[in-house]
Amino acid sequence: MTFSEYHYERPDMIKFKKAFLALLKKFEQASSKVEQNERMKEIVQLRTEFESMMTICSIRHSIDTTDSFYKQEKDFFDEQAPVYEGYVNQFYRKLLQSKHRFYLEEEWGSQLFRIAMLSLNTYSEEIMQEMKEENKLTTQYSKLIASAKIEFDGKQRTLAQLSPFIQSKNRKTRKRASEAKYHFYAEHEEEFDLLYDQLVKVRSRMAHNLGYSNFIQLGYDRLLRVDYGECEVQKFREQVLKHIVPISQRLFERQRRRIGTPTLTYYDLPFNFKSGNPTPKGDPEWIIRNGKRMYAELSAETNEFFQYMNDNELMDLVNKQGKRSGGYCTYISKYKSPFIFSNFVGTSHDIDVLTHEAGHAFQVYSSRHLTIPEYAFPTHEAAEIHSMSMEFFTWPWMRLFFEEEAPKYWFSHLSGALTFIPYAAAVDEFQHFVYQNPEISPAERKRAWRKIERKYLPHRDYEDNDFLERGCFWYQQGHIFRTPFYYIDYALAQICAMQFWCKAYDDWEHAWSEYLYLCRQGGRMSFTELLKGARLNSPFEEDCVQSVVAPIVEWLEEIDDAAL
């Protein structure tokens, strides 16, 4: 069955409520641990049906945000998702109170009970309206980004379609394309400010109503961070500032010399080589054909997985008008099917998406034997290890896509992995500042961003672009709007993925076996528990960052990048 054949039907919330509460009562009144476990399986099945309809709707809406039917359905789920969450929290409460808890914990794992505890902390019927409002505001942000129709060189283009011009060999073209991109954001500056201000205010109200001092800890709890907190993340950012920022500045100086510009401005940053950035040497169909070959040769497991994705049309990859920006992987539990969404535009990022989002999809495909919704994916920082590591494991096949430009890809990919981490730290520190000070004005927020940006990204030169110089770069970072505090997870995961890069460099087969182990665990363990099982060092350990980046830097320094 292909994705287009997947059945969608709006859930009847009256019937759902009746069925769910009836099952919950049977669960509570079960006379034995075995009976209670059976009722729990039935609850999981009911949840699977609801969540699958919500996911199918979300995918089809993001493929075409102008489709009136799925727009209405998305509005429905923005309203009803908090209601559904309320029913799930009733289940969590009964689960934690169960007299057979020890048996259930043995059957389903301790992580479910930790998730239940945190979820109860983050939900109350008192904040139902705020939750609905938050959903609507994040949907508005996605629609605003997707609405971009930018005139450039005689054609109307989306933000994603400007990317090849932003990476042009011609410096004037790069500048014009970058200015066109940021002109769109500047035109809508008041809308972005208002949306974010409303999101900050509504999230802060939710936190206060739930008894939190501010949104920060609520944000952490919503991300299900059970084994670390704000203090550990701050110490990680300090490691980044001390050990990675100086390295990234040296890499940017190498880039400036490599491309031969007197300065490295904001419109030069996306351009890596004087001969041009590496690009895929074929169209999307050609990329998929090579992707099939790559995953067939990589392992028996990836061959089976990618064939399944291709045969069932579980990828929507090409950019078009009305399509949501960015890329993601999600999971339709009813059909045990991952789904990959992206926006191919002819840059090397197309291949990054094919490997990154496929890493997520391969993980959820590998762990689909875990039936409860909580275990489909692990928490975000662990999930990003699967995606970022797959980018590295597929290195040997990059010549399929880039041919003679593969060495350029390898250098820019690995150096970019390093230089990205300070940016992620800046995004994280900015969000901590915002939610510590929710009442400040949009102008004060932008000044704070620019100050933090100078701390972690001192190389940034905005030349005569007043919009960026005033601190508006972060508008384009959707995570800030949609999922607060998520973004540092990419940096934490990158440190772990780099460990797989080092392991694969020494012993590819052994590294792959540890990666497979990690994927098969899904979300049944916490972040640090998963790291221990896969024999990875935690980014929170004091010397972890320095020890991980040292061999990366050594490899990069051995490359004559000026010759690429």
# chains A, B, ... in the order shown; residues from 1 in each chain; ligands from 1
call {"tool": "closest_atom_pairs", "arguments": {"of": "range 413-518 of chain A", "to": "range 340-355 of chain A", "cutoff": "12 Å", "atoms": "only C-alpha atoms", "output": "Markdown table"}}
result
| residue | atom | partner | partner_atom | distance |
| --- | --- | --- | --- | --- |
| A:His413 | CA | A:Asp352 | CA | 8.8 |
| A:Leu414 | CA | A:Asp352 | CA | 11.8 |
| A:Gly416 | CA | A:Asp352 | CA | 11.7 |
| A:Ala417 | CA | A:Asp352 | CA | 11.5 |
call {"tool": "write_last_selection", "arguments": {"atoms": "C-alpha atoms", "output": "compact mmCIF listing (two decimals), in the first residue's frame"}}
result
# COMPACT_ATOMS: atom_id res chain seq x y z
CA HIS A 413 30.49 18.36 5.53
CA LEU A 414 32.93 17.65 8.37
CA GLY A 416 30.39 22.33 8.70
CA ALA A 417 29.54 19.82 11.42
call {"tool": "select_by_dssp", "arguments": {"residues": "range 44-199 of chain A", "states": "helix (DSSP H, G or I)", "output": "PDB file with C-alpha atoms, in the first residue's frame"}}
result
ATOM      1  CA  VAL A  44      -2.246   1.532  22.743  1.00  0.00           C
ATOM      2  CA  GLN A  45      -4.234   0.408  19.707  1.00  0.00           C
ATOM      3  CA  LEU A  46      -6.796   3.201  20.165  1.00  0.00           C
ATOM      4  CA  ARG A  47      -4.006   5.756  20.530  1.00  0.00           C
ATOM      5  CA  THR A  48      -2.275   4.387  17.443  1.00  0.00           C
ATOM      6  CA  GLU A  49      -5.391   4.993  15.335  1.00  0.00           C
ATOM      7  CA  PHE A  50      -5.816   8.587  16.544  1.00  0.00           C
ATOM      8  CA  GLU A  51      -2.136   9.527  16.218  1.00  0.00           C
ATOM      9  CA  SER A  52      -1.885   7.960  12.753  1.00  0.00           C
ATOM     10  CA  MET A  53      -4.769  10.104  11.485  1.00  0.00           C
ATOM     11  CA  MET A  54      -3.126  13.180  12.989  1.00  0.00           C
ATOM     12  CA  THR A  55       0.215  12.318  11.342  1.00  0.00           C
ATOM     13  CA  ILE A  56      -1.278  11.608   7.908  1.00  0.00           C
ATOM     14  CA  CYS A  57      -3.105  14.940   8.092  1.00  0.00           C
ATOM     15  CA  SER A  58       0.069  16.764   9.113  1.00  0.00           C
ATOM     16  CA  ILE A  59       2.090  15.244   6.254  1.00  0.00           C
ATOM     17  CA  ARG A  60      -0.505  16.014   3.600  1.00  0.00           C
ATOM     18  CA  HIS A  61      -0.938  19.553   4.912  1.00  0.00           C
ATOM     19  CA  SER A  62       2.830  20.193   4.874  1.00  0.00           C
ATOM     20  CA  ILE A  63       3.101  18.869   1.294  1.00  0.00           C
ATOM     21  CA  SER A  68      -8.271  23.598   1.767  1.00  0.00           C
ATOM     22  CA  PHE A  69      -9.351  20.142   2.993  1.00  0.00           C
ATOM     23  CA  TYR A  70      -6.178  19.363   4.926  1.00  0.00           C
ATOM     24  CA  LYS A  71      -5.962  22.957   6.109  1.00  0.00           C
ATOM     25  CA  GLN A  72      -9.313  22.449   7.835  1.00  0.00           C
ATOM     26  CA  GLU A  73      -8.182  19.068   9.178  1.00  0.00           C
ATOM     27  CA  LYS A  74      -4.970  20.616  10.523  1.00  0.00           C
ATOM     28  CA  ASP A  75      -7.067  23.286  12.261  1.00  0.00           C
ATOM     29  CA  PHE A  76      -9.136  20.466  13.770  1.00  0.00           C
ATOM     30  CA  PHE A  77      -6.057  18.757  15.209  1.00  0.00           C
ATOM     31  CA  ASP A  78      -4.640  22.059  16.486  1.00  0.00           C
ATOM     32  CA  GLU A  79      -7.854  22.269  18.525  1.00  0.00           C
ATOM     33  CA  GLN A  80      -8.181  18.609  19.503  1.00  0.00           C
ATOM     34  CA  ALA A  81      -4.572  17.532  20.110  1.00  0.00           C
ATOM     35  CA  PRO A  82      -4.583  19.112  23.609  1.00  0.00           C
ATOM     36  CA  VAL A  83      -7.895  17.358  24.334  1.00  0.00           C
ATOM     37  CA  TYR A  84      -6.373  14.050  23.250  1.00  0.00           C
ATOM     38  CA  GLU A  85      -3.318  14.766  25.389  1.00  0.00           C
ATOM     39  CA  GLY A  86      -5.669  15.149  28.335  1.00  0.00           C
ATOM     40  CA  TYR A  87      -7.006  11.609  27.834  1.00  0.00           C
ATOM     41  CA  VAL A  88      -3.469  10.237  27.559  1.00  0.00           C
ATOM     42  CA  ASN A  89      -2.589  11.964  30.815  1.00  0.00           C
ATOM     43  CA  GLN A  90      -5.525  10.274  32.506  1.00  0.00           C
ATOM     44  CA  PHE A  91      -4.029   6.983  31.325  1.00  0.00           C
ATOM     45  CA  TYR A  92      -0.602   8.019  32.667  1.00  0.00           C
ATOM     46  CA  ARG A  93      -2.113   8.755  36.072  1.00  0.00           C
ATOM     47  CA  LYS A  94      -3.776   5.337  36.250  1.00  0.00           C
ATOM     48  CA  LEU A  95      -0.578   3.688  35.018  1.00  0.00           C
ATOM     49  CA  LEU A  96       1.503   5.258  37.784  1.00  0.00           C
ATOM     50  CA  GLN A  97      -1.120   4.329  40.385  1.00  0.00           C
ATOM     51  CA  ARG A 101       3.070  -1.289  38.328  1.00  0.00           C
ATOM     52  CA  PHE A 102       6.143  -3.474  38.964  1.00  0.00           C
ATOM     53  CA  TYR A 103       4.902  -6.096  36.475  1.00  0.00           C
ATOM     54  CA  LEU A 104       3.963  -3.464  33.872  1.00  0.00           C
ATOM     55  CA  GLU A 105       7.336  -1.789  34.258  1.00  0.00           C
ATOM     56  CA  GLU A 106       9.025  -5.134  33.643  1.00  0.00           C
ATOM     57  CA  GLU A 107       6.869  -5.635  30.537  1.00  0.00           C
ATOM     58  CA  TRP A 108       7.087  -2.136  29.026  1.00  0.00           C
ATOM     59  CA  SER A 110      10.998   2.118  33.010  1.00  0.00           C
ATOM     60  CA  GLN A 111      11.222   4.884  30.407  1.00  0.00           C
ATOM     61  CA  LEU A 112       7.443   4.812  29.872  1.00  0.00           C
ATOM     62  CA  PHE A 113       6.903   5.539  33.564  1.00  0.00           C
ATOM     63  CA  ARG A 114       9.414   8.408  33.538  1.00  0.00           C
ATOM     64  CA  ILE A 115       7.634   9.854  30.499  1.00  0.00           C
ATOM     65  CA  ALA A 116       4.290   9.469  32.272  1.00  0.00           C
ATOM     66  CA  MET A 117       5.580  11.342  35.327  1.00  0.00           C
ATOM     67  CA  LEU A 118       6.956  14.272  33.310  1.00  0.00           C
ATOM     68  CA  SER A 119       3.862  14.414  31.107  1.00  0.00           C
ATOM     69  CA  LEU A 120       1.627  14.765  34.161  1.00  0.00           C
ATOM     70  CA  ASN A 121       3.773  17.672  35.280  1.00  0.00           C
ATOM     71  CA  GLU A 125      -6.983  21.190  31.880  1.00  0.00           C
ATOM     72  CA  GLU A 126      -6.345  24.721  33.154  1.00  0.00           C
ATOM     73  CA  ILE A 127      -3.924  25.310  30.263  1.00  0.00           C
ATOM     74  CA  MET A 128      -6.073  23.750  27.529  1.00  0.00           C
ATOM     75  CA  GLN A 129      -6.786  27.081  25.826  1.00  0.00           C
ATOM     76  CA  GLU A 130      -3.141  28.100  25.941  1.00  0.00           C
ATOM     77  CA  MET A 131      -2.128  24.787  24.346  1.00  0.00           C
ATOM     78  CA  LYS A 132      -4.609  25.317  21.521  1.00  0.00           C
ATOM     79  CA  GLU A 133      -3.354  28.863  21.062  1.00  0.00           C
ATOM     80  CA  GLU A 134       0.261  27.670  20.926  1.00  0.00           C
ATOM     81  CA  ASN A 135      -0.634  25.121  18.217  1.00  0.00           C
ATOM     82  CA  LYS A 136      -2.378  27.758  16.129  1.00  0.00           C
ATOM     83  CA  LEU A 137       0.534  30.194  16.426  1.00  0.00           C
ATOM     84  CA  THR A 138       3.137  27.626  15.349  1.00  0.00           C
ATOM     85  CA  THR A 139       0.931  26.681  12.388  1.00  0.00           C
ATOM     86  CA  GLN A 140       0.746  30.383  11.469  1.00  0.00           C
ATOM     87  CA  TYR A 141       4.547  30.554  11.502  1.00  0.00           C
ATOM     88  CA  SER A 142       4.799  27.568   9.124  1.00  0.00           C
ATOM     89  CA  LYS A 143       2.213  29.113   6.800  1.00  0.00           C
ATOM     90  CA  LEU A 144       4.034  32.453   6.799  1.00  0.00           C
ATOM     91  CA  ILE A 145       7.313  30.802   5.783  1.00  0.00           C
ATOM     92  CA  ALA A 146       5.579  28.670   3.140  1.00  0.00           C
ATOM     93  CA  ALA A 160      14.288  27.036  -0.616  1.00  0.00           C
ATOM     94  CA  GLN A 161      14.517  27.731  -4.349  1.00  0.00           C
ATOM     95  CA  LEU A 162      16.815  30.689  -3.668  1.00  0.00           C
ATOM     96  CA  SER A 163      19.460  28.355  -2.200  1.00  0.00           C
ATOM     97  CA  PRO A 164      21.391  27.650  -5.439  1.00  0.00           C
ATOM     98  CA  PHE A 165      21.708  31.405  -6.052  1.00  0.00           C
ATOM     99  CA  ILE A 166      22.790  32.026  -2.443  1.00  0.00           C
ATOM    100  CA  ARG A 171      29.636  37.119  -5.391  1.00  0.00           C
ATOM    101  CA  LYS A 172      27.169  39.727  -6.687  1.00  0.00           C
ATOM    102  CA  THR A 173      24.582  36.999  -7.334  1.00  0.00           C
ATOM    103  CA  ARG A 174      25.108  35.613  -3.824  1.00  0.00           C
ATOM    104  CA  LYS A 175      24.547  39.052  -2.365  1.00  0.00           C
ATOM    105  CA  ARG A 176      21.435  39.755  -4.462  1.00  0.00           C
ATOM    106  CA  ALA A 177      19.916  36.367  -3.588  1.00  0.00           C
ATOM    107  CA  SER A 178      20.685  36.802   0.116  1.00  0.00           C
ATOM    108  CA  GLU A 179      19.196  40.297   0.082  1.00  0.00           C
ATOM    109  CA  ALA A 180      16.064  38.962  -1.645  1.00  0.00           C
ATOM    110  CA  LYS A 181      15.749  36.268   1.022  1.00  0.00           C
ATOM    111  CA  TYR A 182      16.106  38.642   3.954  1.00  0.00           C
ATOM    112  CA  HIS A 183      13.906  41.244   2.276  1.00  0.00           C
ATOM    113  CA  PHE A 184      11.044  38.747   2.662  1.00  0.00           C
ATOM    114  CA  TYR A 185      11.753  38.419   6.388  1.00  0.00           C
ATOM    115  CA  ALA A 186      12.144  42.193   6.764  1.00  0.00           C
ATOM    116  CA  GLU A 187       8.820  42.808   5.001  1.00  0.00           C
ATOM    117  CA  GLU A 189       9.208  41.706  10.584  1.00  0.00           C
ATOM    118  CA  GLU A 190       6.188  42.865  12.570  1.00  0.00           C
ATOM    119  CA  GLU A 191       4.386  39.549  11.922  1.00  0.00           C
ATOM    120  CA  PHE A 192       7.385  37.485  13.081  1.00  0.00           C
ATOM    121  CA  ASP A 193       7.812  39.674  16.158  1.00  0.00           C
ATOM    122  CA  LEU A 194       4.124  39.468  17.037  1.00  0.00           C
ATOM    123  CA  LEU A 195       3.961  35.693  16.515  1.00  0.00           C
ATOM    124  CA  TYR A 196       7.002  35.084  18.687  1.00  0.00           C
ATOM    125  CA  ASP A 197       5.899  37.545  21.347  1.00  0.00           C
ATOM    126  CA  GLN A 198       2.532  35.779  21.575  1.00  0.00           C
ATOM    127  CA  LEU A 199       4.260  32.374  21.770  1.00  0.00           C
TER     128      LEU A 199
END
call {"tool": "closest_residue", "arguments": {"among": "A:Leu269, A:Leu530, A:Met13, A:Ala424", "to": "Val233 in chain A", "atoms": "only C-alpha atoms"}}
result
A:Ala424
call {"tool": "residues_around", "arguments": {"residues": "range 288-294 of chain A", "least_positions_apart": "3", "cutoff": "7 Å", "atoms": "only C-alpha atoms", "output": "ChimeraX atom specification"}}
result
/A:284-285,297-298,306,397,400
call {"tool": "residues_around", "arguments": {"residues": "range 431-445 of chain A", "least_positions_apart": "4", "cutoff": "12 Å", "atoms": "only C-alpha atoms", "output": "ChimeraX atom specification"}}
result
/A:189-205,207-208,212-220,230-231,233-234,237,424-427,449-452,467,470-475,477,479-481,483-488
call {"tool": "residues_around", "arguments": {"residues": "His243 in chain A", "least_positions_apart": "3", "cutoff": "9 Å", "atoms": "only C-alpha atoms", "output": "PyMOL selection string"}}
result
chain A and resi 238-240+246-247+545-546+549
call {"tool": "select_by_dssp", "arguments": {"residues": "range 88-264 of chain A", "states": "strand (DSSP E)", "output": "number ranges by chain"}}
result
A: 150-152, 155-157
call {"tool": "atom_distance", "arguments": {"atom1": "CA of Cys329 in chain A", "atom2": "CA of His369 in chain A"}}
result
18.1 Å
call {"tool": "residues_around", "arguments": {"residues": "Ala511 in chain A", "least_positions_apart": "4", "cutoff": "12 Å", "atoms": "only C-alpha atoms", "output": "mmCIF file with N, CA and C atoms, in the first residue's frame"}}
result
data_model
loop_
_atom_site.group_PDB
_atom_site.id
_atom_site.type_symbol
_atom_site.label_atom_id
_atom_site.label_comp_id
_atom_site.auth_asym_id
_atom_site.auth_seq_id
_atom_site.Cartn_x
_atom_site.Cartn_y
_atom_site.Cartn_z
ATOM 1 N N SER A 389 24.629 10.542 12.424
ATOM 2 C CA SER A 389 25.575 9.439 12.223
ATOM 3 C C SER A 389 25.396 8.803 10.852
ATOM 4 N N MET A 390 24.140 8.698 10.385
ATOM 5 C CA MET A 390 23.915 8.153 9.047
ATOM 6 C C MET A 390 24.602 9.022 7.989
ATOM 7 N N PHE A 392 27.421 10.341 8.281
ATOM 8 C CA PHE A 392 28.821 9.915 8.261
ATOM 9 C C PHE A 392 28.992 8.489 7.733
ATOM 10 N N PHE A 393 28.088 7.601 8.102
ATOM 11 C CA PHE A 393 28.205 6.211 7.645
ATOM 12 C C PHE A 393 28.082 6.094 6.121
ATOM 13 N N ALA A 497 27.618 11.779 17.149
ATOM 14 C CA ALA A 497 27.803 11.311 15.774
ATOM 15 C C ALA A 497 29.269 11.362 15.370
ATOM 16 N N MET A 498 29.975 12.384 15.837
ATOM 17 C CA MET A 498 31.405 12.481 15.533
ATOM 18 C C MET A 498 32.186 11.317 16.146
ATOM 19 N N GLN A 499 31.682 10.811 17.260
ATOM 20 C CA GLN A 499 32.311 9.620 17.839
ATOM 21 C C GLN A 499 32.127 8.424 16.903
ATOM 22 N N PHE A 500 30.963 8.319 16.275
ATOM 23 C CA PHE A 500 30.766 7.249 15.290
ATOM 24 C C PHE A 500 31.676 7.463 14.077
ATOM 25 N N TRP A 501 31.895 8.721 13.681
ATOM 26 C CA TRP A 501 32.821 9.011 12.578
ATOM 27 C C TRP A 501 34.209 8.479 12.917
ATOM 28 N N CYS A 502 34.657 8.749 14.138
ATOM 29 C CA CYS A 502 35.975 8.274 14.582
ATOM 30 C C CYS A 502 36.016 6.745 14.632
ATOM 31 N N LYS A 503 34.962 6.139 15.176
ATOM 32 C CA LYS A 503 34.903 4.675 15.273
ATOM 33 C C LYS A 503 34.913 4.047 13.874
ATOM 34 N N ALA A 504 34.120 4.601 12.956
ATOM 35 C CA ALA A 504 34.035 4.050 11.600
ATOM 36 C C ALA A 504 35.351 4.208 10.853
ATOM 37 N N TYR A 505 36.082 5.258 11.158
ATOM 38 C CA TYR A 505 37.386 5.499 10.534
ATOM 39 C C TYR A 505 38.364 4.381 10.901
ATOM 40 N N ASP A 506 38.230 3.871 12.132
ATOM 41 C CA ASP A 506 39.112 2.803 12.623
ATOM 42 C C ASP A 506 38.591 1.407 12.288
ATOM 43 N N ASP A 507 37.260 1.201 12.456
ATOM 44 C CA ASP A 507 36.668 -0.135 12.271
ATOM 45 C C ASP A 507 35.202 0.042 11.896
ATOM 46 N N TYR A 515 25.886 1.139 16.003
ATOM 47 C CA TYR A 515 24.828 2.016 15.500
ATOM 48 C C TYR A 515 23.510 1.253 15.353
ATOM 49 N N LEU A 516 23.578 0.042 14.826
ATOM 50 C CA LEU A 516 22.380 -0.785 14.701
ATOM 51 C C LEU A 516 21.737 -1.036 16.065
ATOM 52 N N TYR A 517 22.573 -1.332 17.050
ATOM 53 C CA TYR A 517 22.060 -1.525 18.411
ATOM 54 C C TYR A 517 21.283 -0.284 18.854
ATOM 55 N N LEU A 518 21.859 0.879 18.628
ATOM 56 C CA LEU A 518 21.227 2.134 19.046
ATOM 57 C C LEU A 518 19.875 2.317 18.356
ATOM 58 N N ALA A 534 25.397 2.071 23.575
ATOM 59 C CA ALA A 534 26.112 2.173 22.294
ATOM 60 C C ALA A 534 27.589 2.504 22.481
ATOM 61 N N ARG A 535 28.037 2.563 23.727
ATOM 62 C CA ARG A 535 29.440 2.843 24.072
ATOM 63 C C ARG A 535 29.900 4.197 23.535
ATOM 64 N N LEU A 536 29.068 5.189 23.766
ATOM 65 C CA LEU A 536 29.389 6.565 23.403
ATOM 66 C C LEU A 536 29.583 7.380 24.671
#
call {"tool": "closest_residue", "arguments": {"among": "A:Phe236, A:Tyr308, A:Phe377, A:Phe271", "to": "Ala296 in chain A", "atoms": "only C-alpha atoms"}}
result
A:Tyr308
call {"tool": "closest_residue", "arguments": {"among": "A:Thr2, A:Lys149, A:Thr265, A:Asn277", "to": "Glu253 in chain A", "atoms": "only C-alpha atoms"}}
result
A:Thr265
call {"tool": "closest_residue", "arguments": {"among": "A:Val318, A:Lys26, A:Gln249, A:Leu241", "to": "Glu429 in chain A", "atoms": "only C-alpha atoms"}}
result
A:Leu241
call {"tool": "closest_residue", "arguments": {"among": "A:Gly109, A:Pro280, A:Gly522, A:Gly359", "to": "Thr302 in chain A", "atoms": "only C-alpha atoms"}}
result
A:Gly359
call {"tool": "atom_distance", "arguments": {"atom1": "CA of Ala491 in chain A", "atom2": "CA of Pro338 in chain A"}}
result
24.0 Å
call {"tool": "closest_residue", "arguments": {"among": "A:Ser168, A:Phe402, A:Val245, A:Arg258", "to": "Arg454 in chain A", "atoms": "only C-alpha atoms"}}
result
A:Val245
call {"tool": "atom_distance", "arguments": {"atom1": "CA of Ala493 in chain A", "atom2": "CA of Glu381 in chain A"}}
result
5.6 Å
call {"tool": "residues_around", "arguments": {"residues": "Leu314 in chain A", "least_positions_apart": "5", "cutoff": "6 Å", "atoms": "only C-alpha atoms", "output": "ChimeraX atom specification"}}
result
/A:3,309,339
call {"tool": "write_last_selection", "arguments": {"atoms": "C-alpha atoms", "output": "PDB file, in the first residue's frame"}}
result
ATOM      1  CA  PHE A   3       1.119   6.548   1.087  1.00  0.00           C
ATOM      2  CA  MET A 309      10.350   3.493   1.592  1.00  0.00           C
ATOM      3  CA  PHE A 339       7.788   9.164   6.115  1.00  0.00           C
TER       4      PHE A 339
END
